[in-house]
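Here is the structure we will look at.
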Number of protein chains: 2
Amino acid sequence: MPGAVGADGQGRQGGTDNVRIPYPELAGTLADVLLRRGFECDRAVLCARLFAETTRDGVYSHGVNRFPRFMRMIGNGSIDIQGRPKLVMKAGALERWDGQRGPGNLNAYACMGRAIEIALADGMGCVALANTNHWMRGGSYGWQAVEAGAIGICWTNTMPNLPPWGGTVPRLGNNPLVIAVPRASGHIVLDMAMSQFSFGALASHRLRGEQLPVEGGFDSQGNLTRDPEAIEISQRPLPIGYWKGSGLSLVLDMMAAMLSGGAATHQIPADAEREAGVSQVFIAFGLSSFDDTGPIADSIIGTLRAAERESSGPIRYPGEQVLRTRAENMARGVPVDPTIWREVQAL
Amino acid sequence: MPGAVGADGQGRQGGTDNVRIPYPELAGTLADVLLRRGFECDRAVLCARLFAETTRDGVYSHGVNRFPRFMRMIGNGSIDIQGRPKLVMKAGALERWDGQRGPGNLNAYACMGRAIEIALADGMGCVALANTNHWMRGGSYGWQAVEAGAIGICWTNTMPNLPPWGGTVPRLGNNPLVIAVPRASGHIVLDMAMSQFSFGALASHRLRGEQLPVEGGFDSQGNLTRDPEAIEISQRPLPIGYWKGSGLSLVLDMMAAMLSGGAATHQIPADAEREAGVSQVFIAFGLSSFDDTGPIADSIIGTLRAAERESSGPIRYPGEQVLRTRAENMARGVPVDPTIWREVQAL
């Protein structure tokens, strides 16, 4: 982690026994599963692409590894494969949409697309989306914005999984926030939850027998600890910046629910297999009216790269590592856990 | 700090030897100084009010205590008392303004006012402001938005005062971020810098002979420490959430400079007496088209207040303590350090 201004933190695909699947085969296999499940063709292809790209980019926790659960949530009625976002209300550049419990990544992609469309026509746009589902990798919609030449900001609320500062039981969400800034020679995409470590990251450290690099939560006695298992037991992960991340999580939830008219964290089922009906916000800024933003971005990143370093590694910007991982996985195949791969192929 | 979801962190006005000045006398005295310095009448009154309200609300570090430096920065040419924001470019709901090196709090107040005006007419508005000066308490413009019934988001870049994660020398700013959500029975106003503790907070702890409640930075050997003096010496305060706050600081700087066309952190003089020409962003969302936001806000805050607690204190929301401090200081007089008060009266 040292060396990265914004490590993606979603964890690496561990183990040397991964199979490497060529990207087209990976995306095609997922699309086939979705088609057999009843998705319309264009939606199956896009949904599969978003899952496959997430794994291709190294965010293994929210890509193919999550696909079997996604299919189970279609089965248990949490996700309606026919659901698609519907405009509910419009106030200038601010729009409210109802996700109708559709697939979360398709809904999010449509709504960031709409925010970009407003922004390109009207400087900036905001779509607030109620009644949607887990968007999987939030960074996907940040990449979507920067690839369209826009600044993108989006966030989602989640089920309760983070105690408020001073509290002992999860009542806030970890509410991931994405901020993406376009730059011709490498986009900047920050994708961060409000907890210091996800439960997935805690489990990875425990399985590797490693302590966390910094304090990650409280143990059951209320002491700060680097022991991942103690935090899994206490269910008390730490918000980033202690009281600050707790406050930020709160206002992100408030804005998502109030702007969309949808559910707040405390109204979302605290069950990963039934976490449905979340609220999200998508904001885009069009930069086409401004001709000076490219040099400004390059100057800031250039200064960062030249900063004095703790160790020999470079100081990275958020999203930088993604491009390297993407290139490697496109060249060598995308690493997939063989157990997951067999499970996906049997779906 | 435990018990607060978002402690304001700007420190308390320590000591029992403070004088308590009635609010009207405080605001009036500051306005007189500004009038004598050549401010136009309405601008003197507003500038004085923003300073006085900041101290009244308990954010002592950015109120009257900062006023002598503000006057010195007029003297050294960093602040132009005649400078006022000028529209440079417009793309729908997104506008670029040039602050013309005017007083930072007057510029910020004008630009949040303009963002609110756009939002009330057009759902949302954004003003990006270049070439302005330190806005003093960022929360002021959050309160301004919620008192107009709007959600307000604003941030500023600053001079370099925070090393990037993995770096050893300040190259990022602590770039305070404000998010304010209106609620009839108590607005929520989050006002947080990207460093875990300000240098002002470090000094306060040192003077009281106290360690920080959590790790606040690195010592000169590169070890995390709770010793405030060690961090003052190393100049290595910690970003909130380590690599996460470092990434967030970076993208806030990028957006402020790119949207406004103004200076980035690395272009701002790293000297508190000459920190001029900063870039800021003001975003407002109008809620008047939506009739359901009040109950949603109350439901979220009600759930937070009912959360299981670590100790006997209540779980507070950001901004809650401000209202109590404000009421006390209006009733008893606003506490001011007598040395500062004599200095102000002699200006």
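Residues in the structure tokens are named by chain (A, B, ... in the order shown) and by number from 1 within that chain; ligands are numbered from 1 in the order shown.
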
Reference chain B, mobile chain A, all Cα atoms fitted, written as a short mmCIF file (atom, residue, chain, number, x, y, z; two decimals) with C-alpha atoms, in the first residue's frame:
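Written output follows (result.cif):
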```
data_model
loop_
_atom_site.label_atom_id
_atom_site.label_comp_id
_atom_site.auth_asym_id
_atom_site.auth_seq_id
_atom_site.Cartn_x
_atom_site.Cartn_y
_atom_site.Cartn_z
CA MET A 1 -14.21 13.07 20.21
CA PRO A 2 -15.87 9.70 20.84
CA GLY A 3 -19.58 10.24 20.58
CA ALA A 4 -19.43 12.60 17.62
CA VAL A 5 -20.15 11.27 14.16
CA GLY A 6 -18.40 14.32 12.80
CA ALA A 7 -16.54 16.34 15.36
CA ASP A 8 -15.75 19.78 14.04
CA GLY A 9 -12.13 19.30 15.05
CA GLN A 10 -11.20 22.95 14.83
CA GLY A 11 -10.39 23.01 18.50
CA ARG A 12 -11.89 24.75 21.46
CA GLN A 13 -11.09 28.21 22.69
CA GLY A 14 -9.02 27.06 25.66
CA GLY A 15 -8.41 28.82 28.91
CA THR A 16 -10.58 30.42 31.55
CA ASP A 17 -9.13 33.88 30.98
CA ASN A 18 -11.10 34.55 27.80
CA VAL A 19 -13.17 37.67 27.68
CA ARG A 20 -16.77 37.21 26.61
CA ILE A 21 -17.81 39.84 24.08
CA PRO A 22 -21.49 40.30 23.19
CA TYR A 23 -21.99 39.19 19.59
CA PRO A 24 -23.16 42.61 18.30
CA GLU A 25 -20.11 44.29 19.82
CA LEU A 26 -17.81 41.67 18.29
CA ALA A 27 -19.28 41.99 14.79
CA GLY A 28 -19.45 45.77 15.07
CA THR A 29 -15.83 46.11 16.17
CA LEU A 30 -14.60 44.01 13.24
CA ALA A 31 -16.78 45.98 10.82
CA ASP A 32 -15.33 49.24 12.12
CA VAL A 33 -11.79 47.99 11.49
CA LEU A 34 -12.72 47.00 7.93
CA LEU A 35 -14.44 50.32 7.25
CA ARG A 36 -11.37 52.21 8.43
CA ARG A 37 -9.27 49.97 6.15
CA GLY A 38 -11.35 51.08 3.14
CA PHE A 39 -13.99 48.35 2.70
CA GLU A 40 -17.29 49.51 1.25
CA CYS A 41 -19.99 49.50 3.92
CA ASP A 42 -22.00 46.43 2.90
CA ARG A 43 -18.83 44.41 2.36
CA ALA A 44 -17.37 45.43 5.71
CA VAL A 45 -20.56 44.36 7.48
CA LEU A 46 -20.75 40.98 5.71
CA CYS A 47 -17.03 40.22 6.09
CA ALA A 48 -17.19 41.10 9.81
CA ARG A 49 -20.33 39.01 10.24
CA LEU A 50 -18.67 35.93 8.69
CA PHE A 51 -15.66 36.27 11.02
CA ALA A 52 -17.84 36.91 14.08
CA GLU A 53 -20.26 34.06 13.30
CA THR A 54 -17.35 31.65 12.98
CA THR A 55 -16.16 32.47 16.50
CA ARG A 56 -19.74 32.54 17.80
CA ASP A 57 -20.18 29.00 16.43
CA GLY A 58 -17.07 27.75 18.24
CA VAL A 59 -14.71 27.41 15.28
CA TYR A 60 -12.20 29.62 17.06
CA SER A 61 -9.26 28.82 14.81
CA HIS A 62 -10.90 30.43 11.77
CA GLY A 63 -12.74 33.36 13.31
CA VAL A 64 -11.46 36.37 15.22
CA ASN A 65 -8.17 34.57 15.94
CA ARG A 66 -7.46 34.71 12.20
CA PHE A 67 -8.52 38.33 11.77
CA PRO A 68 -5.12 39.96 12.44
CA ARG A 69 -3.52 37.73 9.78
CA PHE A 70 -6.32 38.62 7.38
CA MET A 71 -5.48 42.30 7.88
CA ARG A 72 -1.76 41.64 7.40
CA MET A 73 -2.54 39.87 4.10
CA ILE A 74 -4.40 42.96 2.93
CA GLY A 75 -1.27 44.87 3.87
CA ASN A 76 1.12 42.56 2.02
CA GLY A 77 -1.00 42.62 -1.15
CA SER A 78 -2.25 39.02 -1.01
CA ILE A 79 -5.85 40.22 -0.59
CA ASP A 80 -7.34 43.02 -2.68
CA ILE A 81 -10.23 44.56 -0.74
CA GLN A 82 -11.76 45.83 -3.99
CA GLY A 83 -11.58 42.41 -5.71
CA ARG A 84 -14.93 40.77 -6.33
CA PRO A 85 -15.95 37.73 -8.35
CA LYS A 86 -16.45 38.20 -12.07
CA LEU A 87 -18.19 35.75 -14.41
CA VAL A 88 -15.67 34.34 -16.90
CA MET A 89 -17.53 31.56 -18.68
CA LYS A 90 -20.85 29.77 -18.50
CA ALA A 91 -21.88 26.29 -19.64
CA GLY A 92 -25.49 25.80 -18.57
CA ALA A 93 -25.66 25.25 -14.82
CA LEU A 94 -21.85 25.32 -14.54
CA GLU A 95 -20.12 28.69 -14.26
CA ARG A 96 -16.54 29.82 -13.95
CA TRP A 97 -15.81 32.94 -11.93
CA ASP A 98 -12.58 34.85 -11.25
CA GLY A 99 -12.24 35.97 -7.63
CA GLN A 100 -9.78 38.73 -8.55
CA ARG A 101 -7.90 38.13 -5.30
CA GLY A 102 -10.75 39.59 -3.26
CA PRO A 103 -11.40 38.75 0.41
CA GLY A 104 -11.89 35.00 0.49
CA ASN A 105 -14.97 34.91 2.67
CA LEU A 106 -16.79 37.56 0.60
CA ASN A 107 -15.91 35.75 -2.64
CA ALA A 108 -17.02 32.38 -1.28
CA TYR A 109 -20.27 33.79 0.06
CA ALA A 110 -21.04 35.39 -3.31
CA CYS A 111 -20.28 32.19 -5.21
CA MET A 112 -22.27 29.88 -2.97
CA GLY A 113 -25.07 32.42 -3.27
CA ARG A 114 -24.85 32.21 -7.05
CA ALA A 115 -24.81 28.38 -6.98
CA ILE A 116 -27.94 28.44 -4.80
CA GLU A 117 -29.59 30.89 -7.20
CA ILE A 118 -28.92 28.58 -10.17
CA ALA A 119 -30.08 25.55 -8.17
CA LEU A 120 -33.35 27.12 -7.10
CA ALA A 121 -34.08 27.97 -10.75
CA ASP A 122 -32.55 24.94 -12.45
CA GLY A 123 -32.34 22.04 -9.93
CA MET A 124 -28.63 22.31 -9.37
CA GLY A 125 -25.86 24.80 -9.90
CA CYS A 126 -22.10 24.87 -9.76
CA VAL A 127 -19.77 27.83 -9.51
CA ALA A 128 -16.04 27.17 -9.87
CA LEU A 129 -14.00 30.06 -8.53
CA ALA A 130 -10.38 30.76 -9.46
CA ASN A 131 -7.96 33.32 -8.10
CA THR A 132 -9.58 33.72 -4.70
CA ASN A 133 -8.28 33.67 -1.13
CA HIS A 134 -8.66 31.60 2.04
CA TRP A 135 -12.36 31.27 2.78
CA MET A 136 -11.75 31.03 6.55
CA ARG A 137 -14.47 28.64 7.89
CA GLY A 138 -15.69 26.49 4.99
CA GLY A 139 -18.75 25.52 7.01
CA SER A 140 -20.07 29.09 6.64
CA TYR A 141 -21.05 28.35 3.04
CA GLY A 142 -22.63 25.06 4.02
CA TRP A 143 -24.82 26.89 6.57
CA GLN A 144 -25.59 29.44 3.86
CA ALA A 145 -26.91 26.68 1.57
CA VAL A 146 -29.01 24.84 4.14
CA GLU A 147 -30.51 28.08 5.44
CA ALA A 148 -31.68 28.68 1.84
CA GLY A 149 -33.20 25.17 1.78
CA ALA A 150 -30.53 23.72 -0.53
CA ILE A 151 -27.98 20.94 -0.21
CA GLY A 152 -24.55 22.55 -0.42
CA ILE A 153 -21.24 20.95 -1.34
CA CYS A 154 -18.08 23.03 -1.52
CA TRP A 155 -14.38 22.59 -1.25
CA THR A 156 -11.19 24.59 -1.60
CA ASN A 157 -7.65 23.75 -2.40
CA THR A 158 -4.89 25.09 -0.17
CA MET A 159 -1.16 25.59 -0.15
CA PRO A 160 0.86 22.35 0.09
CA ASN A 161 0.59 21.16 3.70
CA LEU A 162 0.10 17.37 3.46
CA PRO A 163 2.51 14.75 2.06
CA PRO A 164 0.94 12.36 -0.46
CA TRP A 165 0.69 8.78 0.80
CA GLY A 166 4.14 7.27 0.33
CA GLY A 167 5.73 10.73 0.24
CA THR A 168 7.69 12.60 2.86
CA VAL A 169 7.20 16.29 2.01
CA PRO A 170 3.92 18.25 1.82
CA ARG A 171 2.85 18.34 -1.85
CA LEU A 172 -0.92 18.01 -1.43
CA GLY A 173 -3.28 20.43 0.33
CA ASN A 174 -5.55 19.51 3.21
CA ASN A 175 -8.35 20.80 0.93
CA PRO A 176 -11.35 21.14 3.27
CA LEU A 177 -14.62 19.65 2.03
CA VAL A 178 -18.03 20.83 3.23
CA ILE A 179 -21.27 18.92 2.74
CA ALA A 180 -24.43 20.44 4.19
CA VAL A 181 -27.89 18.88 4.20
CA PRO A 182 -30.94 20.90 5.25
CA ARG A 183 -33.28 19.60 7.93
CA ALA A 184 -35.99 21.64 9.63
CA SER A 185 -35.17 20.37 13.11
CA GLY A 186 -31.39 20.81 12.77
CA HIS A 187 -29.22 21.12 9.67
CA ILE A 188 -26.35 18.68 9.09
CA VAL A 189 -23.11 20.48 8.23
CA LEU A 190 -19.95 18.43 7.74
CA ASP A 191 -16.78 20.53 7.47
CA MET A 192 -13.62 18.44 7.26
CA ALA A 193 -10.08 18.81 6.04
CA MET A 194 -8.27 15.90 4.39
CA SER A 195 -5.68 15.79 7.17
CA GLN A 196 -6.61 13.91 10.33
CA PHE A 197 -5.55 16.89 12.48
CA SER A 198 -4.84 20.47 11.47
CA PHE A 199 -1.56 22.06 12.52
CA GLY A 200 -3.71 24.21 14.82
CA ALA A 201 -5.06 21.08 16.51
CA LEU A 202 -1.53 19.66 16.83
CA ALA A 203 -0.37 22.85 18.53
CA SER A 204 -3.35 22.83 20.91
CA HIS A 205 -2.59 19.28 22.00
CA ARG A 206 1.10 20.07 22.48
CA LEU A 207 0.33 23.15 24.57
CA ARG A 208 -2.00 21.11 26.77
CA GLY A 209 0.68 18.42 27.08
CA GLU A 210 -1.67 15.84 25.57
CA GLN A 211 -1.12 13.02 23.10
CA LEU A 212 -3.50 12.82 20.14
CA PRO A 213 -6.48 10.46 20.60
CA VAL A 214 -5.41 8.47 17.50
CA GLU A 215 -2.31 8.41 15.30
CA GLY A 216 -2.02 11.77 13.59
CA GLY A 217 1.07 11.54 11.43
CA PHE A 218 4.63 10.28 11.07
CA ASP A 219 7.60 11.24 13.19
CA SER A 220 10.91 12.09 11.55
CA GLN A 221 11.85 8.40 11.52
CA GLY A 222 8.75 7.56 9.48
CA ASN A 223 6.84 5.88 12.31
CA LEU A 224 3.16 6.57 12.96
CA THR A 225 2.77 8.58 16.15
CA ARG A 226 0.28 10.21 18.52
CA ASP A 227 2.86 12.80 19.60
CA PRO A 228 1.73 16.17 18.23
CA GLU A 229 5.16 17.79 18.51
CA ALA A 230 6.83 14.99 16.54
CA ILE A 231 4.43 15.69 13.67
CA GLU A 232 4.98 19.44 13.86
CA ILE A 233 8.71 18.73 13.50
CA SER A 234 8.40 16.18 10.67
CA GLN A 235 5.71 18.20 8.83
CA ARG A 236 4.10 14.87 8.01
CA PRO A 237 0.47 14.91 9.18
CA LEU A 238 -1.62 11.95 8.16
CA PRO A 239 -4.35 12.08 5.53
CA ILE A 240 -7.71 10.71 6.74
CA GLY A 241 -7.82 7.04 5.92
CA TYR A 242 -4.11 7.00 4.91
CA TRP A 243 -3.99 6.33 1.11
CA LYS A 244 -7.70 7.09 0.77
CA GLY A 245 -7.57 10.69 2.02
CA SER A 246 -4.43 11.23 -0.03
CA GLY A 247 -6.33 10.22 -3.17
CA LEU A 248 -9.34 12.30 -2.19
CA SER A 249 -7.18 15.38 -1.61
CA LEU A 250 -5.64 14.89 -5.06
CA VAL A 251 -8.94 14.70 -6.95
CA LEU A 252 -10.44 17.64 -5.01
CA ASP A 253 -7.44 19.74 -6.08
CA MET A 254 -7.75 18.54 -9.69
CA MET A 255 -11.46 19.33 -9.89
CA ALA A 256 -11.06 22.76 -8.25
CA ALA A 257 -8.26 23.80 -10.61
CA MET A 258 -9.73 22.22 -13.75
CA LEU A 259 -13.30 23.46 -13.30
CA SER A 260 -12.20 26.98 -12.33
CA GLY A 261 -9.18 27.25 -14.62
CA GLY A 262 -7.26 28.42 -11.55
CA ALA A 263 -4.19 27.44 -9.58
CA ALA A 264 -3.57 23.94 -8.24
CA THR A 265 -2.09 23.30 -4.79
CA HIS A 266 1.48 23.06 -6.10
CA GLN A 267 1.14 26.56 -7.58
CA ILE A 268 -0.01 28.20 -4.33
CA PRO A 269 2.68 29.85 -2.14
CA ALA A 270 3.49 27.58 0.84
CA ASP A 271 3.45 30.48 3.31
CA ALA A 272 0.43 31.07 5.53
CA GLU A 273 0.86 34.85 5.22
CA ARG A 274 0.93 34.68 1.41
CA GLU A 275 -1.37 31.75 0.63
CA ALA A 276 -3.29 33.47 -2.19
CA GLY A 277 -4.94 32.59 -5.47
CA VAL A 278 -6.65 29.38 -4.41
CA SER A 279 -9.39 27.55 -6.36
CA GLN A 280 -12.81 26.56 -5.02
CA VAL A 281 -15.99 24.78 -6.11
CA PHE A 282 -19.53 25.51 -4.89
CA ILE A 283 -22.39 23.14 -5.74
CA ALA A 284 -26.00 23.49 -4.66
CA PHE A 285 -29.00 21.22 -5.14
CA GLY A 286 -32.46 22.74 -4.88
CA LEU A 287 -34.91 20.50 -3.05
CA SER A 288 -38.07 22.53 -3.61
CA SER A 289 -39.27 20.18 -6.37
CA PHE A 290 -39.16 17.25 -3.96
CA ASP A 291 -41.69 17.13 -1.13
CA ASP A 292 -40.38 14.00 0.63
CA THR A 293 -36.91 15.05 1.74
CA GLY A 294 -37.85 16.28 5.23
CA PRO A 295 -39.16 12.94 6.51
CA ILE A 296 -36.18 11.10 4.94
CA ALA A 297 -33.69 13.36 6.75
CA ASP A 298 -35.53 12.99 10.06
CA SER A 299 -35.66 9.22 9.71
CA ILE A 300 -31.90 8.94 9.09
CA ILE A 301 -30.97 11.23 11.99
CA GLY A 302 -33.48 9.51 14.26
CA THR A 303 -31.88 6.14 13.52
CA LEU A 304 -28.42 7.54 14.19
CA ARG A 305 -29.46 9.04 17.51
CA ALA A 306 -30.92 5.69 18.56
CA ALA A 307 -27.76 3.72 17.70
CA GLU A 308 -26.07 1.59 20.34
CA ARG A 309 -23.38 3.65 22.06
CA GLU A 310 -19.86 3.05 23.26
CA SER A 311 -20.28 5.32 26.27
CA SER A 312 -23.04 7.34 27.88
CA GLY A 313 -22.68 10.34 25.56
CA PRO A 314 -25.04 10.77 22.62
CA ILE A 315 -24.03 9.98 19.03
CA ARG A 316 -23.94 13.37 17.40
CA TYR A 317 -24.35 14.39 13.79
CA PRO A 318 -22.02 16.91 12.12
CA GLY A 319 -23.10 20.44 12.97
CA GLU A 320 -25.16 19.47 16.02
CA GLN A 321 -22.62 20.76 18.53
CA VAL A 322 -22.40 24.05 16.63
CA LEU A 323 -25.98 24.93 17.51
CA ARG A 324 -25.37 24.36 21.22
CA THR A 325 -22.16 26.41 21.17
CA ARG A 326 -23.92 29.15 19.20
CA ALA A 327 -26.75 29.36 21.72
CA GLU A 328 -24.36 29.48 24.66
CA ASN A 329 -22.14 32.13 23.09
CA MET A 330 -25.12 34.28 22.11
CA ALA A 331 -26.39 34.10 25.68
CA ARG A 332 -23.09 34.52 27.56
CA GLY A 333 -21.04 36.46 25.00
CA VAL A 334 -18.53 35.12 22.52
CA PRO A 335 -15.24 33.97 24.11
CA VAL A 336 -12.22 35.79 22.73
CA ASP A 337 -8.61 35.58 23.80
CA PRO A 338 -7.85 38.92 25.51
CA THR A 339 -4.52 39.31 23.68
CA ILE A 340 -6.25 38.86 20.32
CA TRP A 341 -9.03 41.21 21.38
CA ARG A 342 -6.60 43.98 22.29
CA GLU A 343 -4.80 43.39 18.97
CA VAL A 344 -8.09 43.65 17.03
CA GLN A 345 -9.17 46.79 18.87
CA ALA A 346 -5.83 48.44 18.02
CA LEU A 347 -6.10 47.64 14.27
#
```

Inset, instruction - Select from stretch 21-191 of chain B everything DSSP, run on the backbone, classes as alpha helix (DSSP H), then give the selection as a ChimeraX atom specification. - result: /B:23-37,41-56,67-75,104-122,139-147

Inset, instruction - Run DSSP on the backbone and grab whatever in stretch 189-225 of chain A lands in strand (DSSP E or B); send it over as a ChimeraX atom specification. - result: /A:189-192,195,217-218,224-225
